[in-house]
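Structure data follow from start.cif (mmCIF, C-alpha atoms):
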data_start
loop_
_atom_site.group_PDB
_atom_site.id
_atom_site.type_symbol
_atom_site.label_atom_id
_atom_site.label_comp_id
_atom_site.auth_asym_id
_atom_site.auth_seq_id
_atom_site.Cartn_x
_atom_site.Cartn_y
_atom_site.Cartn_z
ATOM 1 C CA MET A 1 -142.509 -91.019 -34.165
ATOM 2 C CA SER A 2 -145.752 -92.882 -33.607
ATOM 3 C CA GLU A 3 -145.658 -96.475 -32.378
ATOM 4 C CA GLY A 4 -147.091 -97.811 -35.626
ATOM 5 C CA LEU A 5 -144.060 -96.436 -37.515
ATOM 6 C CA LEU A 6 -141.385 -97.940 -35.295
ATOM 7 C CA PRO A 7 -139.376 -100.724 -36.966
ATOM 8 C CA ALA A 8 -140.225 -104.325 -36.142
ATOM 9 C CA THR A 9 -137.044 -105.718 -34.608
ATOM 10 C CA VAL A 10 -136.031 -108.173 -31.946
ATOM 11 C CA HIS A 11 -137.031 -108.045 -28.303
ATOM 12 C CA GLY A 12 -135.348 -105.169 -26.520
ATOM 13 C CA SER A 13 -135.907 -102.691 -29.355
ATOM 14 C CA PRO A 14 -137.924 -99.500 -28.756
ATOM 15 C CA ARG A 15 -140.901 -101.121 -30.460
ATOM 16 C CA SER A 16 -140.823 -104.276 -28.354
ATOM 17 C CA ILE A 17 -140.386 -102.282 -25.155
ATOM 18 C CA GLY A 18 -143.393 -100.158 -26.092
ATOM 19 C CA ARG A 19 -145.455 -103.234 -26.747
ATOM 20 C CA GLY A 20 -144.337 -104.712 -23.449
ATOM 21 C CA GLN A 21 -146.110 -101.836 -21.751
ATOM 22 C CA ALA A 22 -149.414 -103.424 -22.811
ATOM 23 C CA VAL A 23 -148.910 -105.819 -19.888
ATOM 24 C CA TRP A 24 -149.933 -102.893 -17.684
ATOM 25 C CA LEU A 25 -153.442 -103.170 -19.092
ATOM 26 C CA LEU A 26 -153.683 -106.775 -17.921
ATOM 27 C CA GLY A 27 -152.329 -105.694 -14.558
ATOM 28 C CA LEU A 28 -155.054 -103.070 -14.227
ATOM 29 C CA ILE A 29 -157.720 -105.677 -15.016
ATOM 30 C CA CYS A 30 -156.217 -107.921 -12.361
ATOM 31 C CA ALA A 31 -156.178 -105.105 -9.801
ATOM 32 C CA ALA A 32 -159.785 -104.157 -10.555
ATOM 33 C CA SER A 33 -160.918 -107.763 -10.154
ATOM 34 C CA VAL A 34 -159.099 -108.130 -6.841
ATOM 35 C CA LEU A 35 -160.527 -104.861 -5.503
ATOM 36 C CA LEU A 36 -164.043 -105.915 -6.437
ATOM 37 C CA ALA A 37 -163.451 -109.275 -4.766
ATOM 38 C CA LEU A 38 -162.763 -107.398 -1.531
ATOM 39 C CA GLY A 39 -166.161 -105.709 -1.725
ATOM 40 C CA THR A 40 -169.408 -106.845 -0.189
ATOM 41 C CA GLU A 41 -171.727 -109.485 -1.563
ATOM 42 C CA ALA A 42 -174.222 -106.728 -2.324
ATOM 43 C CA THR A 43 -171.615 -105.012 -4.493
ATOM 44 C CA ARG A 44 -170.930 -108.185 -6.445
ATOM 45 C CA LEU A 45 -174.640 -108.764 -6.956
ATOM 46 C CA ALA A 46 -175.017 -105.213 -8.242
ATOM 47 C CA LEU A 47 -172.195 -105.626 -10.754
ATOM 48 C CA ARG A 48 -172.539 -109.161 -12.111
ATOM 49 C CA TYR A 49 -174.058 -109.945 -15.510
ATOM 50 C CA GLU A 50 -177.744 -110.371 -14.720
ATOM 51 C CA ARG A 51 -180.059 -110.783 -17.658
ATOM 52 C CA SER A 52 -183.220 -109.262 -16.210
ATOM 53 C CA ALA A 53 -181.358 -106.235 -14.852
ATOM 54 C CA ILE A 54 -179.562 -105.638 -18.146
ATOM 55 C CA LEU A 55 -182.811 -105.799 -20.097
ATOM 56 C CA ALA A 56 -184.200 -103.294 -17.598
ATOM 57 C CA GLY A 57 -181.434 -100.821 -18.469
ATOM 58 C CA GLU A 58 -178.533 -101.637 -16.126
ATOM 59 C CA TYR A 59 -176.055 -101.801 -19.008
ATOM 60 C CA TRP A 60 -172.935 -101.366 -16.872
ATOM 61 C CA ARG A 61 -173.294 -105.021 -15.955
ATOM 62 C CA LEU A 62 -172.198 -105.917 -19.498
ATOM 63 C CA ILE A 63 -168.721 -104.686 -18.496
ATOM 64 C CA THR A 64 -168.532 -105.206 -14.752
ATOM 65 C CA GLY A 65 -169.863 -108.748 -14.930
ATOM 66 C CA HIS A 66 -166.513 -109.837 -16.337
ATOM 67 C CA LEU A 67 -164.588 -108.323 -13.422
ATOM 68 C CA VAL A 68 -166.492 -109.825 -10.487
ATOM 69 C CA HIS A 69 -166.041 -113.434 -9.387
ATOM 70 C CA GLY A 70 -168.076 -115.911 -7.434
ATOM 71 C CA THR A 71 -165.418 -117.334 -5.099
ATOM 72 C CA ALA A 72 -161.787 -116.774 -4.148
ATOM 73 C CA ALA A 73 -160.770 -119.896 -6.082
ATOM 74 C CA HIS A 74 -162.610 -118.598 -9.147
ATOM 75 C CA LEU A 75 -160.744 -115.288 -8.883
ATOM 76 C CA LEU A 76 -157.359 -116.981 -8.444
ATOM 77 C CA LEU A 77 -157.944 -119.263 -11.422
ATOM 78 C CA ASN A 78 -158.791 -116.303 -13.651
ATOM 79 C CA MET A 79 -155.817 -114.291 -12.350
ATOM 80 C CA ALA A 80 -153.557 -117.237 -13.175
ATOM 81 C CA GLY A 81 -154.994 -117.214 -16.690
ATOM 82 C CA LEU A 82 -154.355 -113.483 -16.943
ATOM 83 C CA GLY A 83 -150.754 -114.038 -15.891
ATOM 84 C CA LEU A 84 -150.412 -116.745 -18.547
ATOM 85 C CA ILE A 85 -151.663 -114.343 -21.221
ATOM 86 C CA ALA A 86 -149.205 -111.675 -20.063
ATOM 87 C CA GLY A 87 -146.372 -114.186 -20.146
ATOM 88 C CA LEU A 88 -147.188 -115.648 -23.564
ATOM 89 C CA PHE A 89 -147.921 -112.454 -25.479
ATOM 90 C CA PRO A 90 -146.098 -109.518 -23.847
ATOM 91 C CA ARG A 91 -145.077 -107.908 -27.156
ATOM 92 C CA ASP A 92 -147.455 -109.233 -29.799
ATOM 93 C CA TYR A 93 -149.860 -106.292 -29.622
ATOM 94 C CA SER A 94 -149.736 -102.671 -28.599
ATOM 95 C CA LEU A 95 -151.784 -101.277 -25.744
ATOM 96 C CA ARG A 96 -154.383 -99.892 -28.148
ATOM 97 C CA GLN A 97 -154.605 -103.221 -29.951
ATOM 98 C CA TRP A 98 -155.080 -105.096 -26.663
ATOM 99 C CA LEU A 99 -157.904 -102.702 -25.809
ATOM 100 C CA LEU A 100 -159.559 -103.559 -29.121
ATOM 101 C CA ILE A 101 -159.102 -107.288 -28.489
ATOM 102 C CA LEU A 102 -160.556 -107.132 -24.997
ATOM 103 C CA LEU A 103 -163.466 -104.901 -26.009
ATOM 104 C CA LEU A 104 -164.423 -107.126 -28.952
ATOM 105 C CA SER A 105 -164.158 -110.196 -26.737
ATOM 106 C CA VAL A 106 -166.448 -108.602 -24.144
ATOM 107 C CA ALA A 107 -168.873 -107.448 -26.846
ATOM 108 C CA ALA A 108 -168.995 -110.925 -28.424
ATOM 109 C CA ILE A 109 -169.621 -112.596 -25.063
ATOM 110 C CA ASP A 110 -172.334 -110.133 -24.067
ATOM 111 C CA ALA A 111 -174.053 -110.357 -27.444
ATOM 112 C CA GLY A 112 -173.890 -114.141 -27.379
ATOM 113 C CA LEU A 113 -175.287 -114.401 -23.868
ATOM 114 C CA VAL A 114 -178.076 -111.886 -24.433
ATOM 115 C CA LEU A 115 -179.129 -113.167 -27.862
ATOM 116 C CA PHE A 116 -178.511 -116.910 -27.631
ATOM 117 C CA GLU A 117 -178.583 -117.798 -23.930
ATOM 118 C CA PRO A 118 -181.973 -116.565 -22.642
ATOM 119 C CA GLN A 119 -181.958 -119.296 -19.993
ATOM 120 C CA LEU A 120 -178.777 -117.902 -18.416
ATOM 121 C CA GLN A 121 -179.874 -115.561 -15.650
ATOM 122 C CA TRP A 122 -176.466 -114.498 -14.303
ATOM 123 C CA TYR A 123 -172.777 -114.788 -15.099
ATOM 124 C CA VAL A 124 -169.504 -113.658 -13.552
ATOM 125 C CA GLY A 125 -165.834 -114.036 -14.377
ATOM 126 C CA LEU A 126 -163.082 -113.262 -16.824
ATOM 127 C CA SER A 127 -162.599 -116.661 -18.470
ATOM 128 C CA GLY A 128 -164.504 -115.795 -21.647
ATOM 129 C CA VAL A 129 -162.372 -112.680 -22.135
ATOM 130 C CA LEU A 130 -159.228 -114.725 -21.478
ATOM 131 C CA HIS A 131 -160.221 -117.077 -24.281
ATOM 132 C CA GLY A 132 -160.574 -114.036 -26.534
ATOM 133 C CA ALA A 133 -157.089 -112.856 -25.604
ATOM 134 C CA LEU A 134 -155.722 -116.365 -26.210
ATOM 135 C CA ALA A 135 -157.354 -116.529 -29.648
ATOM 136 C CA ALA A 136 -155.891 -113.145 -30.609
ATOM 137 C CA GLY A 137 -152.535 -114.252 -29.235
ATOM 138 C CA ALA A 138 -152.620 -117.370 -31.388
ATOM 139 C CA ILE A 139 -153.226 -115.216 -34.449
ATOM 140 C CA GLY A 140 -150.363 -112.954 -33.368
ATOM 141 C CA TRP A 141 -148.084 -115.968 -33.185
ATOM 142 C CA TRP A 142 -148.881 -116.845 -36.803
ATOM 143 C CA ARG A 143 -147.335 -113.490 -37.627
ATOM 144 C CA HIS A 144 -144.478 -113.281 -35.131
ATOM 145 C CA GLU A 145 -143.505 -116.824 -34.122
ATOM 146 C CA THR A 146 -142.592 -120.021 -35.963
ATOM 147 C CA LYS A 147 -145.388 -121.823 -37.789
ATOM 148 C CA PRO A 148 -145.092 -125.021 -35.653
ATOM 149 C CA LEU A 149 -145.422 -122.990 -32.445
ATOM 150 C CA ALA A 150 -148.392 -121.022 -33.800
ATOM 151 C CA ALA A 151 -150.047 -124.208 -35.038
ATOM 152 C CA ALA A 152 -149.572 -125.923 -31.668
ATOM 153 C CA LEU A 153 -151.214 -123.067 -29.776
ATOM 154 C CA THR A 154 -154.064 -122.889 -32.265
ATOM 155 C CA LEU A 155 -154.689 -126.637 -31.992
ATOM 156 C CA VAL A 156 -154.697 -126.480 -28.193
ATOM 157 C CA LEU A 157 -157.256 -123.662 -28.194
ATOM 158 C CA VAL A 158 -159.483 -125.220 -30.858
ATOM 159 C CA GLY A 159 -159.216 -128.595 -29.133
ATOM 160 C CA LYS A 160 -160.254 -127.123 -25.778
ATOM 161 C CA LEU A 161 -163.230 -125.280 -27.274
ATOM 162 C CA THR A 162 -164.305 -128.400 -29.157
ATOM 163 C CA TRP A 163 -164.045 -130.571 -26.033
ATOM 164 C CA GLU A 164 -166.153 -128.083 -24.086
ATOM 165 C CA GLN A 165 -168.846 -128.041 -26.732
ATOM 166 C CA LEU A 166 -168.985 -131.844 -26.844
ATOM 167 C CA HIS A 167 -168.323 -132.827 -23.235
ATOM 168 C CA GLY A 168 -168.602 -129.724 -21.049
ATOM 169 C CA ALA A 169 -165.973 -128.027 -18.923
ATOM 170 C CA LEU A 170 -162.549 -129.572 -18.352
ATOM 171 C CA PRO A 171 -162.075 -131.317 -14.983
ATOM 172 C CA LEU A 172 -159.745 -128.626 -13.588
ATOM 173 C CA SER A 173 -162.075 -125.703 -14.269
ATOM 174 C CA GLY A 174 -162.536 -124.579 -10.666
ATOM 175 C CA ASP A 175 -165.425 -124.625 -8.217
ATOM 176 C CA MET A 176 -167.896 -122.480 -10.173
ATOM 177 C CA PRO A 177 -170.335 -123.646 -12.867
ATOM 178 C CA VAL A 178 -168.609 -123.056 -16.211
ATOM 179 C CA ILE A 179 -170.504 -121.391 -19.057
ATOM 180 C CA VAL A 180 -168.547 -122.942 -21.916
ATOM 181 C CA ASN A 181 -170.382 -120.931 -24.555
ATOM 182 C CA ALA A 182 -168.907 -117.768 -23.034
ATOM 183 C CA HIS A 183 -165.479 -119.208 -23.865
ATOM 184 C CA LEU A 184 -166.606 -119.816 -27.445
ATOM 185 C CA TYR A 185 -168.069 -116.316 -27.856
ATOM 186 C CA GLY A 186 -164.998 -114.717 -26.303
ATOM 187 C CA ALA A 187 -162.636 -116.666 -28.562
ATOM 188 C CA ALA A 188 -164.663 -115.605 -31.606
ATOM 189 C CA GLY A 189 -164.457 -111.950 -30.594
ATOM 190 C CA GLY A 190 -160.738 -112.126 -29.875
ATOM 191 C CA ALA A 191 -160.051 -113.950 -33.137
ATOM 192 C CA ALA A 192 -162.020 -111.320 -35.060
ATOM 193 C CA ALA A 193 -159.970 -108.555 -33.443
ATOM 194 C CA GLY A 194 -156.688 -110.360 -34.133
ATOM 195 C CA LEU A 195 -157.602 -110.909 -37.770
ATOM 196 C CA ALA A 196 -158.694 -107.281 -38.161
ATOM 197 C CA ILE A 197 -155.351 -106.087 -36.771
ATOM 198 C CA TRP A 198 -153.466 -108.451 -39.066
ATOM 199 C CA LEU A 199 -155.426 -107.383 -42.149
ATOM 200 C CA LYS A 200 -154.925 -103.719 -41.325
ATOM 201 C CA ALA A 201 -151.173 -104.338 -41.183
ATOM 202 C CA GLN A 202 -151.092 -105.685 -44.749
ATOM 203 C CA ASP A 203 -150.011 -103.330 -47.513
ATOM 204 C CA TRP A 204 -151.458 -105.779 -50.127
ATOM 205 C CA SER A 205 -148.275 -105.617 -52.189
ATOM 206 C CA GLY A 206 -146.924 -108.942 -51.029
ATOM 207 C CA ARG A 207 -145.388 -107.537 -47.857
ATOM 208 C CA SER A 208 -146.768 -106.601 -44.460
ATOM 209 C CA ARG A 209 -146.416 -103.435 -42.433
ATOM 210 C CA PRO A 210 -145.376 -103.468 -38.771
ATOM 211 C CA LEU A 211 -148.316 -103.765 -36.389
#

Reformat the file's structure so that it appears as structure tokens.
Amino acid sequence: MSEGLLPATVHGSPRSIGRGQAVWLLGLICAASVLLALGTEATRLALRYERSAILAGEYWRLITGHLVHGTAAHLLLNMAGLGLIAGLFPRDYSLRQWLLILLLSVAAIDAGLVLFEPQLQWYVGLSGVLHGALAAGAIGWWRHETKPLAAALTLVLVGKLTWEQLHGALPLSGDMPVIVNAHLYGAAGGAAAGLAIWLKAQDWSGRSRPL
């Protein structure tokens, strides 16, 4: 039986256990980021998002730029965020759905930076992607959790993004310059993925199919 046909039941069911395996994806991202952090400065420079290099054809930077970090504190802050995502949404999406969410978040960030941020010469870090995962998680909570809980998470995320657009990064944002628009682009990509998954689950007969 395919995962999409398993019944939607409480935590501990075969379906929820299968969805819990999606946490492994976040673990792999964490491991890759840590391994890259152990590399040389030359390696990090070769992998970071760098506008001129990307326009010259070094397209791998569109992916690897999200995995490298500027400082140890920057890495630890992003790893803490990754752990928060894993803790909040361990069963809301399948592994394949998380891949879609992360890929659309990365694509939205990269497109936003390339098209709308020509002044930005380089960028590193996972925070934009984390905002995409948080936005998709909020949408998942509208489906799986109580409405007050889903509304609270949505308000926190929208409030944070709004603050950043009006006032810049929050005070506890770490020791690296924060590109707040990357958070906005990532959240838009993650929200788009979450909505697409939700719409696909609808049978349009007044009921919804399991994700």

Item checked: the PyMOL selection byres ((chain A and resi 65) around 7) resolved against shown file, as a list in words -> Leu47, Arg48, Tyr49, Arg61, Leu62, Ile63, Thr64, His66, Leu67, Val68, Tyr123, Val124 and Gly125 of chain A

Next item on the list: Could you give me, as an MDAnalysis selection string, the residues within 12 Å of Lys160 of chain A, counting only C-alpha atoms and dropping anything in the same chain fewer than 2 positions from it?
Entry: chainID A and resid 131 134:135 153:158 162:171 173 180:181 183:184 187

Note to self: List as number ranges by chain the protein and nucleic acid residues near Ala37 of chain A, meaning an atom at most 8 Å away when all atoms listed in the file are counted, but skip any in the same chain fewer than 6 places from it.
What the structure shows: A: 44, 68-69, 72, 75

Next item on the list: Given the file shown, determine the residues that the PyMOL selection byres ((chain A and resi 195) around 12) selects; report them as a list of chain:residue names.
Entry: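 Applying the expression gives A:Gln97, A:Leu100, A:Ile101, A:Leu104, A:Ala135, A:Ala136, A:Gly137, A:Ala138, A:Ile139, A:Gly140, A:Trp141, A:Trp142, A:Arg143, A:Ala187, A:Ala188, A:Gly189, A:Gly190, A:Ala191, A:Ala192, A:Ala193, A:Gly194, A:Ala196, A:Ile197, A:Trp198, A:Leu199, A:Lys200, A:Ala201, A:Gln202, A:Leu211.
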
Next item on the list: Check which residues satisfy the PyMOL selection byres ((chain A and resi 78-85) around 8) in the file shown, then give them as a list in words.
Entry: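 Taken on the displayed file, the PyMOL selection byres ((chain A and resi 78-85) around 8) yields the residues Leu26, Cys30, His74, Leu75, Leu76, Leu77, Ala86, Gly87, Leu88, Phe89, Pro90, Gly125, Leu126, Ser127, Leu130, Ala133 and Leu134 of chain A.
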
Checklist line | Of the listed residues A:Leu113, A:Leu172, A:Lys147, A:Gly70, that which approaches Thr43 of chain A most closely, counting all atoms listed in the file | finding: A:Gly70

Please write out, as lines of an AutoDock Vina configuration file, where the centre of an axis-aligned box around all listed atoms of segment 100-116 of chain A lies and how long its edges are, in Å to one decimal, after adding 4 Å on each side.
center_x = -169.1
center_y = -110.2
center_z = -26.5
size_x = 28.0
size_y = 21.4
size_z = 13.3

Note to self: Rounded to one decimal, what separation in Å do you get between atom CA of Val106 of chain A and atom CA of Asp92 of chain A?
What the structure shows: 19.8 Å

Check: Near Gly128 of chain A, within 7 Å and counting all atoms listed in the file, which residues show up once chain neighbours fewer than 5 positions away are dropped, as an NGL selection string?
Finding: :A and (109 or 182-183 or 186)

Export of the given selection (C-alpha atoms) as a PDB file, in the coordinates of the input:
ATOM      1  CA  ILE A 109    -169.621-112.596 -25.063  1.00  0.00           C
ATOM      2  CA  ALA A 182    -168.907-117.768 -23.034  1.00  0.00           C
ATOM      3  CA  HIS A 183    -165.479-119.208 -23.865  1.00  0.00           C
ATOM      4  CA  GLY A 186    -164.998-114.717 -26.303  1.00  0.00           C
TER       5      GLY A 186
END
